[in-house]
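> My structure is below; once you've seen it, I'll send some questions.
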Amino acid sequence: MDYPEEWRGFVNEWNNDNDYVMAHTSGSTGEPKEIRLLKSDMMSSACATNNRFGITQDSRLLCPLSPNYIAGKMMMVRAIAADCTLIAEHPSNEPLADDYGTIDLMAVVPSQCASLLNNDIAASSLKNLIIGGAPLPANLEKELVEMPWRSYATYGMTETCSHVALRKLGTSVYEAMPGILFSQDERDCLVIESDLFSFKRLVTNDVVDLLDNRAFRWLGRHDNVINSGGVKFHPEQLEKLLEGKLPFPFYFMGVPHEKWGQSVAMAIEAPADSDAESIMIEATAICRACLPRYAFPTKIHIVDALPRTANGKLQRKESMLK
């Protein structure tokens, strides 16, 4: 098979004599770090996804993602595992630019989804879409649910060789991939268990509502929890309440409070030439209308740019709120 130049490095690494490949974590909760992923673990993950979506030798996969990230690497491994066709597009926000015939599975990040809504090729040829890398805006999810293909949000990390659970868009429940089981630790954080992977048992920092050992609802990151006078808030859940109501990127996080231990603070990203006072007034009104009383932010900061990771995820930094 003839691979694009940007993919050849990973193909060569996959075919060398090492039993691992090098990858980088996303950096969502700290600096990205280089880790080794066993090829056997990657193959186990690929086979689970192929099993879940019925990928066979006759299938066609499409990857408009960079092979520098785990999502791109795993699309190649899935194609290798099934001995099927992989179409590797140069990453852009307008994937599926050409008609390749039926596409059984495509992986994207949220920023690539909007263009698919008016893509006639996608409407006629795409069967399954998996979306990861960052949260999916609620308004975009509503539109994707109406599309003729099946769309899923993924849950996973570099350490698990991509996703270990999928959530069908329009629902709130993540369901385990084949060979994966879930439990919780004393913090109510998700624990991933599987005999298919070398890690066997992986404790996460994601607080979940565990439905059974194969399904959960995601609530937020344990390290983001705001404890204000004994009342705990997940900032991710507060952000959902405001989603689509404020026309700028924003996030909540806890900041020290002399009386309550922590209080809720809010950072809003707006262009430097924006009317900060108007934005503050609008944000205050929306927060009062949409948030629980004790979750109302004691501080609202307008900043030129919120920090993001290399793949576009917002990073919560207290320095933005001082």
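In the structure tokens, chains take the letters A, B, ... in the order shown, each chain's residues start at 1, and ligands count up from 1 in the order shown.
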DSSP on the backbone, strand (DSSP E) only: what residues of range 53-222 of chain A does that give? Format it as a PyMOL selection string.
chain A and resi 60-63+85-88+105-108+128-131+150-157+162-168+174-176+181-184+189-193+201-212+215-221
> Can you tell me which residues surround Gly254 in chain A at a distance of at most 7 Å, considering only C-alpha atoms, apart from same-chain residues fewer than 6 positions away, and format the answer as a list in words?
Ile226, Gln262, Ser263, Val264 and Ala265 of chain A
> Take the residues just selected and output them with C-alpha atoms as a PDB file, in the first residue's frame.

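Dumped everything to out-v5.pdb:
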```pdb
ATOM      1  CA  ILE A 226     -14.832  22.683  43.336  1.00  0.00           C
ATOM      2  CA  GLN A 262     -13.001  27.492  47.494  1.00  0.00           C
ATOM      3  CA  SER A 263     -15.384  29.503  45.390  1.00  0.00           C
ATOM      4  CA  VAL A 264     -16.425  29.266  41.745  1.00  0.00           C
ATOM      5  CA  ALA A 265     -14.600  31.512  39.286  1.00  0.00           C
TER       6      ALA A 265
END
```
> Can you tell me how far CA of Ile70 in chain A sits from CA of Asp19 in chain A, in Å to one decimal?
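Going from CA of Ile70 in chain A over to CA of Asp19 in chain A, I get 16.6 Å.
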> Quick one: residues within 10 Å of range 279-287 of chain A, only C-alpha atoms, excluding same-chain residues fewer than 5 positions away - as number ranges by chain?
A: 238, 241-242, 245-248, 266, 268, 270, 274, 292-293, 295-297, 299-302
> So which residues touch Glu186 in chain A within 12 Å, counting only C-alpha atoms, skipping near sequence neighbours fewer than 3 positions away, as a list of chain:residue names?
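These residues fall inside the cut-off: A:Ser183, A:Cys189, A:Leu190, A:Val191, A:Val203, A:Thr204, A:Asn205, A:Val207, A:Val208, A:His222.
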> Rank nothing, just name the residue among A:Ser66, A:Asn224, A:Thr56, A:Thr154 nearest to Ala88 in chain A, using only C-alpha atoms.
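Result for the nearest residue to Ala88 in chain A: A:Ser66.
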> So that I can see what lies close to Asp98 in chain A, please list as a PyMOL selection string the residues with an atom at most 10 Å from it, counting only C-alpha atoms and leaving out residues fewer than 4 positions away in the same chain.
chain A and resi 89+121-122
> Restricting the calculation to only C-alpha atoms: of A:Met157, A:Met43, A:Leu136, A:Ile180, which residue gets closest to Ala114 in chain A?
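Residue with the minimum atom-to-atom distance to Ala114 in chain A: A:Leu136.
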> I'd like the interatomic distance between CA of Glu236 in chain A and CA of Pro67 in chain A, to a tenth of an Å.
29.0 Å
> In terms of the shortest atom-to-atom distance over only C-alpha atoms, which of A:Phe53, A:Arg214, A:His90, A:Asp206 is closest to Ile103 in chain A?
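Among the listed residues, A:Phe53 lies closest to Ile103 in chain A.
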> With only C-alpha atoms as the counted atoms, please give the residues lying no more than 9 Å from Ser125 in chain A, apart from itself and same-chain residues fewer than 6 positions off, as a list of chain:residue names.
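So, after excluding close chain neighbours, the residues are A:Asp99, A:Tyr100, A:Gly101, A:Thr102, A:Ile103, A:Asp104, A:Trp149.
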> When you count only C-alpha atoms, which of these residues is closest to Val11 in chain A: A:Leu169, A:Ala48, A:Ile80, A:Ala23?
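Smallest distance to Val11 in chain A is found for A:Ile80.
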> Go through A:Val108, A:Lys33, A:Pro137, A:Gly179 one by one, measure the shortest atom-to-atom distance of each to Asn51 in chain A using only C-alpha atoms, and give the residue with the smallest value.
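Using only C-alpha atoms, the shortest distance to Asn51 in chain A belongs to A:Gly179.
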> Take CA of Pro249 in chain A and CA of Pro135 in chain A and report the distance between them in Å, one decimal.
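Separation between CA of Pro249 in chain A and CA of Pro135 in chain A: 12.4 Å.
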> So that I can check the secondary structure, give me every residue of range 87-282 of chain A assigned helix (DSSP H, G or I) by backbone DSSP, as a PyMOL selection string.
chain A and resi 110-112+114-118+120-125+138-145+158-160+222-224+235-242+276-282
> Store the residues of this selection in a file with C-alpha atoms, as a CSV table (one decimal), in the first residue's frame.

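Okay, again13.csv is ready:
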```
chain,number,residue,atom,x,y,z
A,110,PRO,CA,-15.2,18.0,17.0
A,111,SER,CA,-13.8,20.9,14.9
A,112,GLN,CA,-14.1,18.7,11.8
A,114,ALA,CA,-19.5,21.0,11.2
A,115,SER,CA,-18.5,20.7,7.6
A,116,LEU,CA,-19.9,17.2,7.5
A,117,LEU,CA,-23.5,18.5,8.1
A,118,ASN,CA,-23.7,19.9,4.5
A,120,ASP,CA,-23.5,15.3,0.3
A,121,ILE,CA,-20.7,12.7,0.0
A,122,ALA,CA,-20.9,12.0,3.8
A,123,ALA,CA,-24.7,11.8,3.6
A,124,SER,CA,-24.5,9.1,0.9
A,125,SER,CA,-21.4,7.1,1.8
A,138,ALA,CA,-24.3,20.4,22.4
A,139,ASN,CA,-25.8,22.2,19.4
A,140,LEU,CA,-23.5,20.3,17.1
A,141,GLU,CA,-24.4,17.0,18.7
A,142,LYS,CA,-28.1,17.7,18.1
A,143,GLU,CA,-27.4,18.3,14.4
A,144,LEU,CA,-25.2,15.2,14.0
A,145,VAL,CA,-27.9,13.0,15.5
A,158,THR,CA,-3.4,7.5,24.9
A,159,GLU,CA,-2.6,5.0,27.7
A,160,THR,CA,-5.6,2.8,26.6
A,222,HIS,CA,-11.8,14.7,40.0
A,223,ASP,CA,-9.0,17.2,40.0
A,224,ASN,CA,-11.4,19.9,38.8
A,235,PRO,CA,-17.2,22.6,36.5
A,236,GLU,CA,-17.9,20.5,33.4
A,237,GLN,CA,-21.5,20.1,34.5
A,238,LEU,CA,-21.9,23.8,35.2
A,239,GLU,CA,-20.5,24.5,31.7
A,240,LYS,CA,-23.1,22.3,30.2
A,241,LEU,CA,-25.8,24.4,31.7
A,242,LEU,CA,-24.4,27.5,29.9
A,276,ALA,CA,-15.5,43.8,28.3
A,277,GLU,CA,-18.1,45.5,30.4
A,278,SER,CA,-21.0,44.3,28.1
A,279,ILE,CA,-19.6,40.8,28.1
A,280,MET,CA,-19.4,40.9,32.0
A,281,ILE,CA,-23.0,42.1,32.2
A,282,GLU,CA,-24.2,39.4,29.8
```
> What's the 8 Å shell around Ile87 in chain A, counting only C-alpha atoms, without same-chain residues fewer than 3 positions away, as a PyMOL selection string?
chain A and resi 60-63
> Would you please work out which residue, of A:Ser162, A:Asp212, A:Thr171, A:Asn16, is nearest to Gln184 in chain A when using only C-alpha atoms?
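Once distances to Gln184 in chain A are computed over only C-alpha atoms, the minimum belongs to A:Asp212.
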